[in-house]
$ cat query-v4.txt   # compact mmCIF, C-alpha atoms and all ligand atoms
# COMPACT_ATOMS: atom_id res chain seq x y z
CA MET A 12 -15.35 10.57 -7.13
CA PRO A 13 -12.63 7.90 -7.53
CA ASP A 14 -10.09 8.27 -4.72
CA ILE A 15 -6.54 7.97 -6.02
CA LEU A 16 -4.69 9.58 -3.14
CA SER A 17 -5.86 7.20 -0.44
CA ARG A 18 -4.90 4.23 -2.62
CA VAL A 19 -1.42 5.68 -3.09
CA MET A 20 -1.12 6.20 0.65
CA ALA A 21 -2.33 2.64 1.34
CA HIS A 22 0.25 1.33 -1.16
CA ASP A 23 3.02 3.37 0.48
CA ARG A 24 2.09 2.19 3.96
CA TRP A 25 2.00 -1.42 2.83
CA ARG A 26 5.16 -1.53 0.71
CA LEU A 27 7.27 0.90 2.77
CA GLU A 28 6.25 -0.11 6.28
CA GLU A 29 5.02 -3.69 6.21
CA CYS A 30 6.81 -5.59 3.43
CA LEU A 31 10.19 -7.24 3.01
CA ASN A 32 11.08 -6.68 -0.64
CA LEU A 33 13.39 -9.24 -2.22
CA GLN A 34 12.88 -8.27 -5.86
CA PRO A 35 16.24 -7.59 -7.52
CA SER A 36 14.79 -4.98 -9.93
CA GLU A 37 13.64 -2.55 -7.27
CA ASN A 38 15.10 -0.31 -4.61
CA VAL A 39 14.13 2.57 -2.35
CA THR A 40 15.32 6.16 -2.57
CA SER A 41 16.43 8.58 0.14
CA PRO A 42 14.09 11.26 1.55
CA GLN A 43 16.10 13.85 -0.39
CA VAL A 44 15.57 12.01 -3.68
CA ARG A 45 11.85 11.65 -2.95
CA ASN A 46 11.59 15.38 -2.19
CA ILE A 47 13.30 16.25 -5.45
CA LEU A 48 10.96 13.95 -7.39
CA SER A 49 7.97 15.91 -6.15
CA SER A 50 9.60 19.33 -6.69
CA ASP A 51 8.67 22.00 -9.27
CA LEU A 52 11.35 20.59 -11.57
CA GLY A 53 8.79 17.98 -12.58
CA HIS A 54 6.73 20.73 -14.24
CA ARG A 55 9.54 22.20 -16.36
CA TYR A 56 11.15 21.88 -19.74
CA THR A 57 14.50 22.72 -21.15
CA LEU A 58 16.08 22.09 -24.53
CA PRO A 59 19.77 21.72 -25.27
CA PHE A 60 21.95 24.62 -26.24
CA ASP A 61 22.85 25.32 -29.88
CA GLN A 62 19.76 23.80 -31.43
CA VAL A 63 18.11 24.51 -34.74
CA LEU A 64 14.37 24.66 -34.04
CA HIS A 65 11.90 24.93 -36.90
CA GLY A 66 14.82 26.07 -39.03
CA VAL A 67 15.84 28.85 -36.59
CA TYR A 68 19.01 28.71 -34.45
CA VAL A 69 18.21 29.10 -30.75
CA GLU A 70 20.58 29.13 -27.84
CA ASN A 71 18.15 27.65 -25.32
CA ALA A 72 14.52 27.38 -26.30
CA TYR A 73 13.17 27.67 -22.74
CA ARG A 74 13.74 30.38 -20.17
CA GLY A 75 13.75 29.88 -16.41
CA THR A 76 16.20 27.00 -16.53
CA LYS A 77 19.31 28.43 -14.83
CA TYR A 78 19.16 26.06 -11.81
CA LEU A 79 18.11 23.14 -13.89
CA ASP A 80 20.98 23.49 -16.37
CA ASP A 81 23.39 23.74 -13.49
CA ILE A 82 21.99 20.61 -11.80
CA GLU A 83 22.27 18.65 -15.03
CA ARG A 84 25.93 19.62 -15.51
CA GLU A 85 26.75 18.80 -11.88
CA GLY A 86 24.90 15.46 -12.14
CA GLU A 87 26.88 14.50 -15.23
CA ARG A 88 30.13 15.48 -13.52
CA LEU A 89 29.20 13.32 -10.52
CA ALA A 90 28.32 10.36 -12.76
CA CYS A 91 31.69 10.66 -14.55
CA ASP A 92 33.35 10.68 -11.16
CA VAL A 93 31.39 7.71 -9.77
CA PHE A 94 31.85 5.53 -12.88
CA GLY A 95 35.25 6.79 -14.05
CA SER A 96 33.86 7.79 -17.46
CA ARG A 97 34.65 10.79 -19.67
CA PHE A 98 31.05 11.29 -20.73
CA ALA A 99 27.78 10.61 -18.90
CA SER A 100 24.16 11.41 -19.64
CA LEU A 101 21.41 11.18 -17.05
CA LYS A 102 18.75 11.95 -19.65
CA PRO A 103 17.55 8.45 -20.72
CA LEU A 104 14.04 8.03 -19.34
CA SER A 105 14.56 4.36 -18.45
CA GLY A 106 16.96 1.46 -18.78
CA HIS A 107 15.15 0.41 -21.94
CA VAL A 108 15.50 3.89 -23.46
CA SER A 109 19.22 3.91 -22.59
CA ALA A 110 19.54 0.52 -24.35
CA LEU A 111 17.75 1.91 -27.39
CA MET A 112 20.18 4.86 -27.38
CA MET A 113 23.15 2.50 -27.18
CA LEU A 114 21.90 0.45 -30.15
CA THR A 115 21.01 3.56 -32.16
CA ALA A 116 24.36 5.23 -31.43
CA CYS A 117 26.37 2.12 -32.37
CA CYS A 118 24.47 0.47 -35.22
CA GLU A 119 22.82 1.09 -38.56
CA LYS A 120 20.04 -0.81 -40.28
CA GLY A 121 21.27 -4.23 -41.46
CA ASP A 122 24.05 -4.50 -38.84
CA GLU A 123 24.43 -7.60 -36.67
CA ILE A 124 24.55 -7.62 -32.89
CA LEU A 125 25.58 -10.52 -30.65
CA THR A 126 23.99 -10.77 -27.24
CA ILE A 127 22.78 -13.16 -24.52
CA ARG A 128 19.60 -15.03 -25.35
CA PRO A 129 16.62 -14.57 -22.98
CA GLU A 130 16.74 -18.28 -21.99
CA HIS A 131 20.19 -17.49 -20.57
CA GLY A 132 18.99 -14.44 -18.69
CA GLY A 133 19.51 -11.87 -21.46
CA TYR A 134 17.14 -8.89 -21.60
CA ASP A 135 14.25 -9.68 -23.95
CA GLY A 136 14.39 -6.17 -25.43
CA TYR A 137 17.63 -7.05 -27.31
CA TRP A 138 16.11 -10.16 -28.80
CA GLU A 139 14.30 -10.82 -32.07
CA GLY A 140 10.97 -9.08 -32.33
CA TYR A 141 11.82 -6.15 -30.09
CA MET A 142 14.50 -3.42 -30.47
CA PRO A 143 16.43 -5.24 -33.24
CA LYS A 144 13.18 -5.55 -35.24
CA MET A 145 12.42 -1.86 -34.79
CA LEU A 146 15.98 -0.82 -35.81
CA GLY A 147 16.42 -3.41 -38.60
CA LEU A 148 19.27 -5.27 -36.85
CA GLU A 149 20.19 -8.96 -37.05
CA VAL A 150 20.66 -10.62 -33.67
CA SER A 151 22.54 -13.81 -32.77
CA ALA A 152 23.24 -15.50 -29.44
CA LEU A 153 26.57 -15.55 -27.61
CA PRO A 154 27.66 -19.04 -26.41
CA PHE A 155 26.73 -19.65 -22.77
CA VAL A 156 27.55 -22.26 -20.11
CA GLU A 157 24.37 -22.93 -18.12
CA GLU A 158 26.19 -24.84 -15.35
CA ARG A 159 28.29 -21.75 -14.56
CA TRP A 160 25.60 -19.25 -15.58
CA ASN A 161 28.11 -17.25 -17.59
CA LEU A 162 29.32 -16.77 -21.14
CA ASP A 163 31.65 -19.30 -22.72
CA HIS A 164 34.22 -16.54 -23.18
CA GLU A 165 36.64 -18.51 -25.38
CA LYS A 166 33.90 -19.59 -27.77
CA ALA A 167 32.38 -16.11 -27.68
CA ALA A 168 35.77 -14.65 -28.68
CA GLU A 169 35.98 -17.09 -31.62
CA GLN A 170 32.44 -16.22 -32.70
CA ILE A 171 33.13 -12.47 -32.54
CA THR A 172 36.35 -12.81 -34.54
CA GLN A 173 34.57 -14.90 -37.16
CA ARG A 174 31.26 -13.00 -37.49
CA LYS A 175 32.59 -9.46 -36.96
CA PRO A 176 29.30 -8.07 -35.58
CA LYS A 177 28.83 -4.33 -35.31
CA LEU A 178 28.11 -4.56 -31.59
CA VAL A 179 28.43 -7.14 -28.82
CA VAL A 180 26.04 -6.47 -25.92
CA VAL A 181 26.67 -8.14 -22.57
CA GLY A 182 24.75 -7.68 -19.33
CA ALA A 183 21.51 -9.45 -18.43
CA SER A 184 18.30 -9.56 -16.45
CA PHE A 185 19.22 -12.85 -14.73
CA PHE A 186 22.76 -11.93 -13.79
CA LEU A 187 25.02 -13.53 -11.17
CA PHE A 188 28.70 -13.48 -12.14
CA PRO A 189 31.00 -10.95 -13.87
CA TYR A 190 32.21 -11.41 -17.45
CA GLN A 191 35.80 -11.75 -18.64
CA LEU A 192 35.61 -8.45 -20.44
CA LYS A 193 39.27 -8.35 -21.50
CA VAL A 194 38.78 -11.56 -23.54
CA LEU A 195 35.76 -10.01 -25.26
CA ARG A 196 37.61 -6.70 -25.76
CA ASP A 197 40.52 -8.39 -27.54
CA ALA A 198 38.11 -10.26 -29.83
CA CYS A 199 36.17 -7.06 -30.56
CA ASP A 200 39.46 -5.31 -31.41
CA ASP A 201 40.36 -8.11 -33.86
CA ALA A 202 36.88 -7.97 -35.43
CA GLY A 203 36.46 -4.18 -35.43
CA SER A 204 33.34 -4.57 -33.24
CA LEU A 205 32.02 -2.32 -30.51
CA LEU A 206 31.52 -3.73 -27.01
CA GLY A 207 28.45 -2.55 -25.05
CA TYR A 208 27.48 -3.40 -21.47
CA ASP A 209 23.94 -3.23 -20.15
CA ALA A 210 24.51 -2.55 -16.45
CA SER A 211 20.81 -2.21 -15.56
CA HIS A 212 21.03 -4.81 -12.83
CA VAL A 213 24.51 -4.24 -11.47
CA LEU A 214 24.87 -0.45 -11.84
CA GLY A 215 24.86 0.18 -8.07
CA LEU A 216 27.59 -2.40 -7.51
CA ILE A 217 29.74 -0.96 -10.31
CA ALA A 218 29.21 2.51 -8.81
CA GLY A 219 30.48 1.15 -5.49
CA GLY A 220 33.61 -0.31 -7.15
CA GLU A 221 32.42 -3.94 -6.89
CA PHE A 222 31.42 -6.70 -9.33
CA GLN A 223 33.42 -5.29 -12.26
CA ARG A 224 34.47 -1.97 -13.83
CA PRO A 225 33.34 -2.27 -17.47
CA LEU A 226 34.85 1.00 -18.74
CA ASP A 227 38.24 0.19 -17.16
CA ASP A 228 38.13 -3.19 -18.91
CA GLY A 229 37.66 -1.63 -22.33
CA VAL A 230 33.88 -1.59 -22.80
CA ASP A 231 32.97 1.14 -25.32
CA ILE A 232 29.56 2.09 -23.97
CA VAL A 233 27.52 1.34 -20.84
CA CYS A 234 23.77 1.76 -20.53
CA GLY A 235 21.45 0.87 -17.68
CA SER A 236 18.58 1.46 -15.28
CA THR A 237 19.14 3.65 -12.23
CA HIS A 238 16.73 1.96 -9.80
CA LYS A 239 17.69 -1.70 -9.40
CA SER A 240 20.97 -2.19 -7.52
CA PHE A 241 21.57 1.56 -8.06
CA PHE A 242 19.32 3.31 -5.54
CA GLY A 243 18.19 6.22 -7.71
CA PRO A 244 14.81 7.21 -9.13
CA GLN A 245 13.39 5.05 -11.95
CA GLY A 246 15.28 6.07 -15.09
CA GLY A 247 18.38 5.41 -17.15
CA VAL A 248 21.98 6.45 -17.70
CA ILE A 249 24.52 6.20 -20.48
CA LEU A 250 28.31 6.29 -20.08
CA THR A 251 31.26 6.20 -22.47
CA ASN A 252 34.89 7.28 -22.78
CA ARG A 253 34.69 7.61 -26.57
CA GLU A 254 34.33 11.02 -28.18
CA ASP A 255 32.61 9.56 -31.29
CA LEU A 256 30.00 7.63 -29.28
CA CYS A 257 29.46 10.66 -27.05
CA SER A 258 28.66 12.72 -30.19
CA SER A 259 26.32 10.03 -31.55
CA VAL A 260 24.48 9.79 -28.23
CA LYS A 261 24.11 13.58 -28.09
CA GLU A 262 22.81 13.60 -31.65
CA ILE A 263 20.13 11.00 -31.02
CA LEU A 264 19.10 12.24 -27.59
CA PHE A 265 16.56 14.69 -28.88
CA TRP A 266 13.78 13.84 -31.27
CA THR A 267 15.06 10.33 -32.03
CA VAL A 268 14.34 8.38 -28.87
CA MET A 269 13.03 11.13 -26.58
CA ASP A 270 12.32 14.81 -26.02
CA ASN A 271 11.76 16.04 -22.44
CA ALA A 272 14.14 14.32 -19.98
CA HIS A 273 11.88 14.83 -16.90
CA TRP A 274 14.02 17.20 -14.89
CA ASN A 275 12.79 16.17 -11.44
CA ARG A 276 14.04 12.66 -12.30
CA VAL A 277 17.38 13.96 -13.65
CA SER A 278 17.87 16.08 -10.51
CA ALA A 279 16.87 13.21 -8.22
CA LEU A 280 19.38 11.03 -10.04
CA ALA A 281 22.08 13.67 -9.51
CA GLN A 282 21.32 13.52 -5.76
CA ALA A 283 21.49 9.70 -5.83
CA MET A 284 24.91 9.99 -7.57
CA LEU A 285 26.05 12.12 -4.65
CA GLU A 286 24.85 9.44 -2.23
CA MET A 287 26.58 6.72 -4.28
CA LYS A 288 29.82 8.69 -4.32
CA GLU A 289 29.74 8.94 -0.53
CA PHE A 290 28.28 5.58 0.50
CA GLY A 291 28.43 3.37 -2.61
CA SER A 292 31.48 1.37 -1.61
CA ASP A 293 30.03 0.24 1.76
CA TYR A 294 26.60 -0.37 0.25
CA ALA A 295 27.88 -2.49 -2.66
CA LYS A 296 30.06 -4.69 -0.42
CA GLN A 297 27.14 -5.23 1.96
CA VAL A 298 24.75 -6.13 -0.89
CA ILE A 299 27.08 -8.84 -2.16
CA SER A 300 27.77 -10.27 1.28
CA ASN A 301 24.03 -10.24 2.07
CA SER A 302 23.24 -12.11 -1.17
CA LYS A 303 25.77 -14.85 -0.44
CA THR A 304 24.43 -15.17 3.12
CA LEU A 305 20.75 -15.24 2.13
CA ALA A 306 21.29 -17.74 -0.70
CA LYS A 307 23.18 -20.13 1.58
CA ALA A 308 20.68 -19.76 4.43
CA LEU A 309 17.71 -20.46 2.12
CA ASP A 310 19.50 -23.41 0.51
CA ASP A 311 20.53 -24.90 3.88
CA GLY A 312 17.04 -24.27 5.24
CA GLY A 313 15.33 -26.37 2.55
CA PHE A 314 14.52 -23.81 -0.17
CA PRO A 315 16.97 -24.88 -2.90
CA MET A 316 19.10 -22.20 -4.56
CA LYS A 317 21.30 -22.61 -7.64
CA PHE A 318 25.08 -22.28 -8.11
CA GLY A 319 26.13 -23.09 -4.53
CA ASP A 320 29.37 -24.55 -5.96
CA SER A 321 30.26 -21.09 -7.32
CA GLY A 322 29.31 -19.30 -4.08
CA TYR A 323 25.73 -18.74 -5.36
CA THR A 324 26.31 -15.20 -6.65
CA ASP A 325 28.70 -12.24 -6.90
CA CYS A 326 25.98 -9.59 -7.01
CA HIS A 327 22.58 -8.54 -5.65
CA GLN A 328 20.66 -11.42 -7.27
CA MET A 329 20.31 -15.10 -6.52
CA GLN A 330 18.57 -17.80 -8.51
CA VAL A 331 16.05 -20.19 -7.04
CA ASP A 332 16.32 -23.81 -8.13
CA THR A 333 12.68 -23.80 -9.18
CA GLU A 334 12.67 -27.48 -10.24
CA ALA A 335 14.01 -28.57 -6.84
CA VAL A 336 11.54 -26.27 -5.03
CA ARG A 337 8.73 -27.93 -6.96
CA GLU A 338 10.03 -31.41 -6.04
CA ASN A 339 10.89 -30.70 -2.38
CA MET A 340 8.13 -28.28 -1.41
CA GLY A 341 5.50 -28.75 -4.11
CA PHE A 342 5.39 -25.10 -5.18
CA THR A 343 5.64 -23.57 -8.65
CA PRO A 344 7.33 -20.12 -8.68
CA HIS A 345 3.91 -18.51 -9.03
CA GLU A 346 2.60 -20.47 -6.04
CA TYR A 347 5.53 -19.73 -3.71
CA SER A 348 5.62 -16.03 -4.67
CA CYS A 349 1.85 -15.70 -3.95
CA LYS A 350 2.16 -17.55 -0.65
CA LEU A 351 5.06 -15.32 0.42
CA GLU A 352 3.11 -12.21 -0.60
CA GLU A 353 0.29 -13.23 1.76
CA SER A 354 2.87 -12.74 4.53
CA ASN A 355 4.15 -9.50 2.95
CA ILE A 356 7.39 -11.02 1.59
CA ILE A 357 7.71 -9.87 -2.02
CA VAL A 358 9.70 -11.94 -4.55
CA ASP A 359 9.26 -12.26 -8.29
CA SER A 360 7.71 -15.36 -9.85
CA MET A 361 10.60 -15.69 -12.33
CA GLY A 362 12.95 -17.51 -9.96
CA ARG A 363 15.06 -14.58 -8.76
CA THR A 364 15.55 -13.03 -5.34
CA GLY A 365 17.61 -9.95 -4.50
CA THR A 366 19.07 -8.18 -1.48
CA ASN A 367 19.52 -4.63 -2.83
CA GLU A 368 16.43 -3.03 -1.29
CA MET A 369 16.81 -4.77 2.05
CA THR A 370 20.46 -3.70 2.18
CA ARG A 371 19.41 -0.10 1.51
CA MET A 372 17.00 -0.58 4.41
CA GLY A 373 20.01 -1.30 6.64
CA ALA A 374 19.94 -5.12 6.59
CA ASP A 375 23.14 -7.04 7.30
CA GLU A 376 24.11 -10.72 7.32
CA GLY A 377 22.22 -11.30 10.61
CA THR A 378 19.07 -9.84 9.06
CA MET A 379 19.50 -12.18 6.09
CA GLU A 380 19.49 -15.19 8.44
CA GLU A 381 16.28 -13.85 10.00
CA ILE A 382 14.68 -13.26 6.59
CA SER A 383 15.58 -16.79 5.50
CA ASP A 384 14.04 -18.25 8.64
CA ILE A 385 10.78 -16.29 8.20
CA PHE A 386 10.71 -17.09 4.45
CA ILE A 387 10.95 -20.84 5.03
CA ARG A 388 8.48 -20.86 7.93
CA THR A 389 6.00 -18.99 5.71
CA LEU A 390 6.25 -21.71 3.08
CA LYS A 391 5.65 -24.28 5.85
CA ASP A 392 2.29 -22.60 6.55
CA GLU A 393 3.23 -20.68 9.70
CA ASP A 394 1.59 -17.30 10.19
CA THR A 395 4.67 -15.09 9.88
CA LYS A 396 3.00 -11.75 9.12
CA PRO A 397 3.74 -10.41 12.64
CA ASP A 398 7.41 -11.49 12.33
CA VAL A 399 7.68 -9.74 8.96
CA LYS A 400 6.19 -6.55 10.39
CA LYS A 401 8.49 -6.66 13.44
CA LEU A 402 11.59 -7.18 11.32
CA ARG A 403 10.52 -4.46 8.88
CA SER A 404 9.99 -1.94 11.65
CA SER A 405 13.45 -2.68 13.08
CA LEU A 406 15.09 -1.56 9.80
CA LYS A 407 16.11 1.99 8.98
CA LEU A 408 17.15 3.45 5.64
CA LYS A 409 20.96 3.52 5.40
CA TYR A 410 23.60 5.00 3.07
CA ILE A 411 21.90 8.42 3.17
CA PHE A 412 22.90 11.92 4.25
CA GLU A 413 21.20 12.76 7.53
CA GLU A 414 18.90 15.75 7.01
C1 LIG B 501 19.24 -6.06 -18.51
C2 LIG B 501 18.09 -5.11 -18.59
N1 LIG B 501 18.16 -4.08 -19.47
C3 LIG B 501 17.18 -3.18 -19.59
C4 LIG B 501 16.03 -3.28 -18.82
C5 LIG B 501 14.95 -2.25 -18.96
O1 LIG B 501 15.05 -1.37 -17.90
P1 LIG B 501 13.86 -0.37 -17.49
O2 LIG B 501 12.83 -1.20 -16.83
O3 LIG B 501 14.55 0.61 -16.59
O4 LIG B 501 13.38 0.27 -18.75
C6 LIG B 501 15.90 -4.33 -17.90
C7 LIG B 501 14.67 -4.42 -17.10
O5 LIG B 501 14.49 -5.16 -16.20
C8 LIG B 501 16.95 -5.26 -17.78
O6 LIG B 501 16.88 -6.30 -16.93

$ encode --input "query-v4.txt" --output "structure tokens" --more "lines below"
Ligand SMILES: Cc1ncc(COP(=O)(O)O)c(C=O)c1O
Amino acid sequence: MPDILSRVMAHDRWRLEECLNLQPSENVTSPQVRNILSSDLGHRYTLPFDQVLHGVYVENAYRGTKYLDDIEREGERLACDVFGSRFASLKPLSGHVSALMMLTACCEKGDEILTIRPEHGGYDGYWEGYMPKMLGLEVSALPFVEERWNLDHEKAAEQITQRKPKLVVVGASFFLFPYQLKVLRDACDDAGSLLGYDASHVLGLIAGGEFQRPLDDGVDIVCGSTHKSFFGPQGGVILTNREDLCSSVKEILFWTVMDNAHWNRVSALAQAMLEMKEFGSDYAKQVISNSKTLAKALDDGGFPMKFGDSGYTDCHQMQVDTEAVRENMGFTPHEYSCKLEESNIIVDSMGRTGTNEMTRMGADEGTMEEISDIFIRTLKDEDTKPDVKKLRSSLKLKYIFEE
């Protein structure tokens, strides 16, 4: 009989006890969140109140949901509190689904959206051939300054005023510095456009009051993943202050982009919101300081990192200067990521590194110096597996409620 359980346990032992994870898209959850994920809630269904089902009005199609309904309401209240929004939904099954909801709530077939092209770090899902193709939307690129790895805000404002798109989507997968949202807001007001923000990568920093506060700066709708810099279960969230967008999101939630919301995930996310409310500010500050420290240490140590002139980063991510790494050390991104993995250091092969998971594991600036030293020695062919294991075992999950 194929043995699944022992493989899962081997994975858990390896990734949770032996590895240093520097991928910016991942994080680890608290014991409470993990307990909730494996609870009975993962077997259950509910449907929203006041629904017409098969032509018949029903108040709530499922029974046995009194705790679940309560948890959902409390989770939404907590999210509104953490993000300063009037409306929040924890139902989107993933960051991608939340993005699909944002596009569906804001746009109709034939509308134009402006966003960041994938070559500039934008999320591929917003680009030609993916969600816009499915929804019948036109997509054009916002002007970008590669040397500063940010939008050209003045030119973007001109473009918005001129083209009057239905929606401008900012936020990216390769994301380092905040946007000048007020400049974009003014242009969107002139053009009658909506402004959306995909916070998938920076959601945990926004929750902690760092990086930027998109809703305070006039963004109409925020979507995002809940498991990258935000240390929740894998899933999505959607936030807005606008009554009309709140109604559109509610309308499309069921039977357009999804049905069951996976109530163990929703409940686990509500618990993670509670943790963010309590510890988010300290966590977010530490993540940013750790990123700046790690980027500088790697760069100074001979593994070139980009944007040193701008302080490397203002968030959980850093970008490797992959061309310089190839020239100085002779590694392609695939080669260095495989070599690091042999020593149980996990980075992506797309040129990013991130400090969010290590920060959740209790790492501080001193730990970042140690990680950088081990990282560089690994690439110089030293056997660093024992150092990685020792450092990993010295770390302890932080920003959690003690049980
Ligand atoms: C900016 C951005 N939006 C959306 C997504 C999709 O998120 P998920 O993987 O949670 O569906 C990603 C994934 O990495 C992303 O980087």

$ residues_near_ligand --input "query-v4.txt" --ligand "ligand LIG 501 (chain B)" --cutoff "8 Å" --atoms "only C-alpha atoms and all ligand atoms" --output "number ranges by chain"
A: 36, 104-110, 133-134, 136, 182-185, 209-212, 235-238, 245-247

$ atom_distance --input "query-v4.txt" --atom1 "CA of Met145 (chain A)" --atom2 "CA of Met269 (chain A)"
15.4 Å

$ residues_around --input "query-v4.txt" --residues "region 320-328 of chain A" --least-positions-apart "5" --cutoff "9 Å" --atoms "all atoms listed in the file" --output "MDAnalysis selection string"
chainID A and resid 34:35 159 185:189 212:213 216 221:222 240 295 298:303 306:307 363:367

$ residues_near_point --input "query-v4.txt" --point "(3.0, -14.7, -1.1)" --cutoff "12 Å" --atoms "only C-alpha atoms" --output "PyMOL selection string"
chain A and resi 30-33+342-360+386-387+389-390+392+394-396

$ closest_residue --input "query-v4.txt" --among "A:Thr378, A:Ser151, A:Ser100, A:Thr333" --to "Ala167 (chain A)" --atoms "all atoms listed in the file"
A:Ser151

$ atom_distance --input "query-v4.txt" --atom1 "CA of Ser50 (chain A)" --atom2 "CA of Arg18 (chain A)"
21.3 Å

$ atom_distance --input "query-v4.txt" --atom1 "CA of Glu413 (chain A)" --atom2 "CA of Glu286 (chain A)"
10.9 Å

$ closest_residue --input "query-v4.txt" --among "A:Met369, A:Ala218, A:Lys77, A:Ile382" --to "Leu27 (chain A)" --atoms "only C-alpha atoms"
A:Met369

$ residues_near_point --input "query-v4.txt" --point "(16.7, -4.5, -35.1)" --cutoff "12 Å" --atoms "all atoms listed in the file" --output "PyMOL selection string"
chain A and resi 111+114-115+118-125+136-151+178

$ axis_aligned_box --input "query-v4.txt" --around "region 370-383 of chain A" --padding-each-side "6 Å" --output "JSON"
{"center_x": 19.4, "center_y": -8.4, "center_z": 6.1, "size_x": 21.4, "size_y": 28.7, "size_z": 21.1}

$ residues_around --input "query-v4.txt" --residues "Glu87 (chain A)" --least-positions-apart "2" --cutoff "12 Å" --atoms "only C-alpha atoms" --output "PyMOL selection string"
chain A and resi 80-85+89-102+248-251+277-278+280-285

$ closest_residue --input "query-v4.txt" --among "A:Asp197, A:Glu393, A:Gly243, A:Asp255" --to "Gln43 (chain A)" --atoms "only C-alpha atoms"
A:Gly243

$ residues_around --input "query-v4.txt" --residues "Glu334 (chain A)" --least-positions-apart "4" --cutoff "9 Å" --atoms "all atoms listed in the file" --output "VMD selection string"
chain A and resid 315 338 to 339 343

$ closest_residue --input "query-v4.txt" --among "A:Gly53, A:Pro176, A:Gly215, A:Gly341" --to "Asn271 (chain A)" --atoms "all atoms listed in the file"
A:Gly53

$ closest_residue --input "query-v4.txt" --among "A:Asp227, A:Ser258, A:Arg403, A:Trp274" --to "Thr76 (chain A)" --atoms "all atoms listed in the file"
A:Trp274

$ residues_around --input "query-v4.txt" --residues "Leu52 (chain A)" --least-positions-apart "2" --cutoff "9 Å" --atoms "only C-alpha atoms" --output "PyMOL selection string"
chain A and resi 47-50+54-56+79+273-276+278

$ decode --input "query-v4.txt" --residues "region 173-205 of chain A" --atoms "C-alpha atoms" --output "PDB file, in the first residue's frame"
ATOM      1  CA  GLN A 173      -5.456  59.859 -20.730  1.00  0.00           C
ATOM      2  CA  ARG A 174      -6.653  56.231 -21.059  1.00  0.00           C
ATOM      3  CA  LYS A 175      -9.318  56.276 -18.329  1.00  0.00           C
ATOM      4  CA  PRO A 176      -9.089  52.531 -17.580  1.00  0.00           C
ATOM      5  CA  LYS A 177     -11.806  50.865 -15.531  1.00  0.00           C
ATOM      6  CA  LEU A 178      -9.282  49.617 -12.980  1.00  0.00           C
ATOM      7  CA  VAL A 179      -5.643  50.224 -12.091  1.00  0.00           C
ATOM      8  CA  VAL A 180      -4.072  47.278 -10.252  1.00  0.00           C
ATOM      9  CA  VAL A 181      -0.839  47.791  -8.315  1.00  0.00           C
ATOM     10  CA  GLY A 182       1.023  45.283  -6.170  1.00  0.00           C
ATOM     11  CA  ALA A 183       3.443  42.662  -7.469  1.00  0.00           C
ATOM     12  CA  SER A 184       5.198  39.348  -7.021  1.00  0.00           C
ATOM     13  CA  PHE A 185       8.674  40.929  -7.134  1.00  0.00           C
ATOM     14  CA  PHE A 186       7.981  43.778  -4.758  1.00  0.00           C
ATOM     15  CA  LEU A 187      10.475  45.925  -2.826  1.00  0.00           C
ATOM     16  CA  PHE A 188       9.307  49.515  -2.357  1.00  0.00           C
ATOM     17  CA  PRO A 189       5.927  51.173  -1.608  1.00  0.00           C
ATOM     18  CA  TYR A 190       3.964  53.078  -4.252  1.00  0.00           C
ATOM     19  CA  GLN A 191       2.982  56.755  -4.197  1.00  0.00           C
ATOM     20  CA  LEU A 192      -0.667  55.859  -3.899  1.00  0.00           C
ATOM     21  CA  LYS A 193      -1.929  59.427  -3.482  1.00  0.00           C
ATOM     22  CA  VAL A 194      -0.550  60.340  -6.942  1.00  0.00           C
ATOM     23  CA  LEU A 195      -2.354  57.337  -8.445  1.00  0.00           C
ATOM     24  CA  ARG A 196      -5.530  58.116  -6.465  1.00  0.00           C
ATOM     25  CA  ASP A 197      -5.708  61.677  -7.813  1.00  0.00           C
ATOM     26  CA  ALA A 198      -5.243  60.416 -11.380  1.00  0.00           C
ATOM     27  CA  CYS A 199      -7.910  57.736 -10.874  1.00  0.00           C
ATOM     28  CA  ASP A 200     -10.283  60.411  -9.539  1.00  0.00           C
ATOM     29  CA  ASP A 201      -9.686  62.553 -12.652  1.00  0.00           C
ATOM     30  CA  ALA A 202     -10.217  59.539 -14.932  1.00  0.00           C
ATOM     31  CA  GLY A 203     -13.134  57.969 -13.051  1.00  0.00           C
ATOM     32  CA  SER A 204     -11.049  54.787 -12.571  1.00  0.00           C
ATOM     33  CA  LEU A 205     -10.982  52.373  -9.669  1.00  0.00           C
TER      34      LEU A 205
END
